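Student: This is the structure I have questions about; it appears just below.
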Amino acid sequence: MGVCGLLEGDVEMPKQRTLWEQELLALAFEGLEREMPAPPVETSPDLLAQAYAQCDAIAIEHSRTFSMASRLLPEAQREAARALYAFCRITDDLIDRSSGNLEQGLADWRACALVSPPPCDDPVALAWADTRHRYRIPARYAEQLVVGVATDLYKARYSSFDELAVYCYGVASTVGLMAMHIIGFSGRDAIPYAVKLGVAMQLTNILRDVREDWAAGRLYLPQDELATFGLGEDDIAAGRADERWRSFMRFQIDRNRRLYAEAMPGIAKLQRSGRYAIAAAADLYQAILDDIEAHDGDVFRERAHLTMWAKLRRLPGIWWRSRTMRDRASSAVEELGPPVEVAPARL
């Protein structure tokens, strides 16, 4: 299915949720119900501007796809989205790119970045605290992200997709839930879509990065599904892209695309000014699956990617569809309560 159909809302969220979906939604609504607005950050405008500039530099350096998508937001939301990205990037790098006592390093960062005002002079912590206040981002989502990232300290294998989905929620769906507060959304009925989109995007990362993750000692692919296709860790180690592996990857790609299809109608529940950016991010991620498929699932020899020209070429169509999409998703999600407050506390 092409992304055009997804953006128009042709596929709706299933009315019967799986056990993993129920578990993730419980986590998401826990975060919303425990919302504690962050206090304002008292600092000079110049220092705050420098802090946001640092976040901007981190986003540009580390993710061309995110930088391109966030550039499609209005200026204030773009600034906040890049503060969110910088917070997530530093959190992740403390596990993946640091040395020494990783657990202590993450604990120190948590004590700095999740307190408002931050008890440290780190510019990212400062910009992130200001963003949390301005957009009333629930602190629980940031805490869940740190816990999710910390999972890599002690867990390197996942027995089933249900188990993996919980990890995906922690490291990716939480980001979407926080971004949704920056963009603005219709109400609680938007949350299941954001959760599912986060899982879909993280699964795309996992499929793309099998080789790199294996080199780091991690294997995120569900063990039971590998066994179903007659695959073992020796096949991953050897980079053996035989028919068993190709069949396994076709199964993974098909499920991943279905998750995108079920999540995309939720974009219509975002404020119009932010739909283009989120639609672009989702579309560009989904295109990675196309590249994996074009190489017959062989992610061992070449990392799937899109060229800058390929990304730019997709943007006009995404823009048009994001502007003309219809909200067909509401009938697929039961009434979950009154709308949340999404207006920024201070601009």
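Here, A, B, ... name the chains of the structure tokens in the order displayed, residue numbers run from 1 inside each chain, and ligands are numbered from 1 in the same displayed order.
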Identify, on the basis of only C-alpha atoms, every residue whose closest approach to segment 117-130 of chain A does not exceed 12 Å; exclude the query and any residue fewer than 2 positions from it along the same chain; express the result as a ChimeraX atom specification.
Tutor: /A:37-59,76,79-91,108-115,132-139,142,178,182,344-347
Student: Extract, using only C-alpha atoms, all DNA, RNA and protein residues at most 12 Å from Ala216 of chain A, discarding same-chain residues fewer than 5 positions from it, and format them as a PyMOL selection string.
Tutor: chain A and resi 95-97+152-153+156+209-211+237
Student: Nearest to Tyr220 of chain A among A:Thr174, A:Ser273, A:Asn256, A:Ser159, with distances taken over only C-alpha atoms: which residue is it?
Tutor: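 For Tyr220 of chain A, the nearest of the given residues is A:Ser159.
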Student: What is the atom CA of Asp254 of chain A to atom CA of Ala238 of chain A distance in Å?
Tutor: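 Atom CA of Ala238 of chain A lies at a distance of 24.5 Å from atom CA of Asp254 of chain A.
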Student: Which residues are close to Gln144 of chain A, i.e. within 10 Å by only C-alpha atoms, leaving aside same-chain residues fewer than 5 positions away? Reply as a tab-separated table (two decimals) with N, CA and C atoms, in the first residue's frame.
Tutor:
chain	number	residue	atom	x	y	z
A	27	LEU	N	0.60	2.16	29.64
A	27	LEU	CA	1.76	2.99	29.95
A	27	LEU	C	1.56	4.42	29.46
A	28	ALA	N	0.99	4.56	28.27
A	28	ALA	CA	0.80	5.90	27.71
A	28	ALA	C	-0.20	6.72	28.51
A	31	GLY	N	1.17	7.93	31.77
A	31	GLY	CA	1.95	9.15	31.62
A	31	GLY	C	1.08	10.39	31.55
A	139	ALA	N	6.04	14.72	32.54
A	139	ALA	CA	7.37	14.25	32.95
A	139	ALA	C	7.49	12.73	32.87
A	149	VAL	N	15.67	3.33	27.41
A	149	VAL	CA	17.04	3.35	26.93
A	149	VAL	C	17.94	2.53	27.85
A	150	ALA	N	17.69	2.60	29.15
A	150	ALA	CA	18.50	1.86	30.12
A	150	ALA	C	18.36	0.35	29.95
A	169	TYR	N	8.16	0.87	22.70
A	169	TYR	CA	7.41	1.94	23.36
A	169	TYR	C	8.36	2.84	24.16
A	170	GLY	N	9.23	2.22	24.93
A	170	GLY	CA	10.10	2.99	25.81
A	170	GLY	C	11.05	3.90	25.07
A	171	VAL	N	11.59	3.44	23.95
A	171	VAL	CA	12.62	4.24	23.27
A	171	VAL	C	12.07	5.05	22.10
A	173	SER	N	7.97	5.26	21.15
A	173	SER	CA	6.60	5.79	21.31
A	173	SER	C	6.57	6.95	22.29
A	174	THR	N	7.40	6.89	23.31
A	174	THR	CA	7.45	8.00	24.26
A	174	THR	C	7.87	9.29	23.57
A	175	VAL	N	8.76	9.18	22.59
A	175	VAL	CA	9.19	10.37	21.85
A	175	VAL	C	8.02	10.95	21.08
Student: May I have all residues of segment 118-342 of chain A that DSSP, computed from the backbone, assigns to alpha helix (DSSP H), given as number ranges by chain?
Tutor: A: 123-135, 139-150, 161-168, 174-183, 191-208, 210-215, 223-228, 233-238, 243-263, 272-294, 308-324
Student: In Å, how far is it from atom CA of Ile183 of chain A to atom CA of Gln77 of chain A?
Tutor: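 Result for atom CA of Ile183 of chain A versus atom CA of Gln77 of chain A: 6.6 Å, one decimal.
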Student: Between A:Gly297, A:Gly198, A:Arg157, A:Met68, which is the closest to Glu233 of chain A once you count only C-alpha atoms?
Tutor: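 Among the listed residues, the smallest separation from Glu233 of chain A belongs to A:Arg157.
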Student: For each of A:Ser160, A:Thr228, A:Thr204, A:Thr307, take the minimum atom-to-atom distance to Gln252 of chain A, counting only C-alpha atoms, then give the residue where this is smallest.
Tutor: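 Checking each candidate against Gln252 of chain A, we get A:Thr204 as the closest.
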Student: Using atom CA of Ser116 of chain A and atom CA of Leu25 of chain A as the two end points, give the distance in Å to one decimal.
Tutor: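 Pair atom CA of Ser116 of chain A / atom CA of Leu25 of chain A returns 26.6 Å.
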Student: Find, counting only C-alpha atoms, the residue in A:Glu262, A:Glu103, A:Glu302, A:Glu30 that gets nearest to Leu197 of chain A.
Tutor: A:Glu262
Student: For Gln286 of chain A, find every residue with an atom within 10 Å (counting only C-alpha atoms), except residues of its own chain fewer than 4 positions away, and show them as a compact mmCIF listing (two decimals) with all heavy atoms, in the first residue's frame.
Tutor:
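Output file out.txt is given in full below:
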# COMPACT_ATOMS: atom_id res chain seq x y z
N GLY A 2 0.54 2.19 -0.87
CA GLY A 2 1.31 3.42 -0.93
C GLY A 2 0.97 4.34 0.23
O GLY A 2 -0.10 4.24 0.83
N VAL A 3 1.88 5.27 0.51
CA VAL A 3 1.66 6.16 1.63
C VAL A 3 0.51 7.11 1.38
O VAL A 3 -0.10 7.64 2.30
CB VAL A 3 2.93 6.95 1.95
CG1 VAL A 3 3.19 8.05 0.94
CG2 VAL A 3 2.87 7.54 3.35
N ALA A 200 6.20 1.32 15.06
CA ALA A 200 6.51 1.08 13.65
C ALA A 200 7.86 1.67 13.28
O ALA A 200 8.68 1.02 12.60
CB ALA A 200 5.41 1.69 12.77
N MET A 201 8.13 2.90 13.71
CA MET A 201 9.39 3.54 13.35
C MET A 201 10.59 2.86 14.01
O MET A 201 11.65 2.70 13.39
CB MET A 201 9.33 5.03 13.69
CG MET A 201 8.30 5.78 12.86
SD MET A 201 8.12 7.52 13.25
CE MET A 201 9.59 8.20 12.45
N THR A 204 11.42 -0.28 12.17
CA THR A 204 12.18 0.02 10.96
C THR A 204 13.65 0.18 11.29
O THR A 204 14.52 -0.33 10.57
CB THR A 204 11.63 1.30 10.30
OG1 THR A 204 10.24 1.13 10.01
CG2 THR A 204 12.38 1.61 9.01
N ILE A 253 8.70 -7.06 7.27
CA ILE A 253 8.35 -5.86 6.52
C ILE A 253 6.84 -5.73 6.38
O ILE A 253 6.28 -4.64 6.53
CB ILE A 253 9.04 -5.87 5.14
CG1 ILE A 253 10.56 -5.67 5.31
CG2 ILE A 253 8.46 -4.80 4.22
CD1 ILE A 253 11.35 -5.91 4.05
N ASN A 256 5.49 -4.56 9.65
CA ASN A 256 5.89 -3.18 9.89
C ASN A 256 5.02 -2.22 9.07
O ASN A 256 4.56 -1.19 9.56
CB ASN A 256 7.37 -3.02 9.52
CG ASN A 256 8.05 -1.86 10.21
OD1 ASN A 256 9.26 -1.73 10.16
ND2 ASN A 256 7.31 -0.98 10.84
N ARG A 257 4.77 -2.58 7.81
CA ARG A 257 3.92 -1.73 6.97
C ARG A 257 2.49 -1.66 7.50
O ARG A 257 1.83 -0.62 7.42
CB ARG A 257 3.94 -2.25 5.53
CG ARG A 257 5.22 -1.89 4.79
CD ARG A 257 5.14 -2.32 3.35
NE ARG A 257 6.29 -1.82 2.60
CZ ARG A 257 6.90 -2.48 1.64
NH1 ARG A 257 6.47 -3.69 1.30
NH2 ARG A 257 7.93 -1.96 1.01
N TYR A 260 2.37 0.86 10.25
CA TYR A 260 2.31 2.22 9.71
C TYR A 260 0.90 2.53 9.21
O TYR A 260 0.36 3.61 9.46
CB TYR A 260 3.29 2.39 8.55
CG TYR A 260 4.72 2.64 8.95
CD1 TYR A 260 5.72 1.71 8.69
CD2 TYR A 260 5.09 3.84 9.55
CE1 TYR A 260 7.04 1.95 9.03
CE2 TYR A 260 6.42 4.08 9.91
CZ TYR A 260 7.39 3.13 9.64
OH TYR A 260 8.69 3.37 9.99
N ALA A 280 5.88 13.58 7.02
CA ALA A 280 7.16 13.45 6.32
C ALA A 280 8.08 12.47 7.04
O ALA A 280 8.71 11.61 6.41
CB ALA A 280 7.83 14.81 6.20
N ALA A 281 8.17 12.59 8.36
CA ALA A 281 9.04 11.68 9.12
C ALA A 281 8.58 10.23 8.93
O ALA A 281 9.41 9.33 8.71
CB ALA A 281 9.02 12.06 10.60
N ALA A 282 7.28 9.99 9.02
CA ALA A 282 6.77 8.63 8.88
C ALA A 282 6.97 8.10 7.47
O ALA A 282 7.34 6.94 7.27
CB ALA A 282 5.29 8.60 9.25
N ASP A 290 11.15 0.11 1.88
CA ASP A 290 11.20 -0.11 0.44
C ASP A 290 12.63 -0.44 0.00
O ASP A 290 12.84 -1.31 -0.86
CB ASP A 290 10.72 1.14 -0.32
CG ASP A 290 9.26 1.48 -0.02
OD1 ASP A 290 8.51 0.56 0.39
OD2 ASP A 290 8.89 2.65 -0.21
N ASP A 291 13.61 0.25 0.58
CA ASP A 291 14.99 0.00 0.21
C ASP A 291 15.46 -1.37 0.70
O ASP A 291 16.18 -2.07 -0.02
CB ASP A 291 15.90 1.11 0.78
CG ASP A 291 17.28 1.10 0.16
OD1 ASP A 291 17.37 1.18 -1.08
OD2 ASP A 291 18.27 0.99 0.90
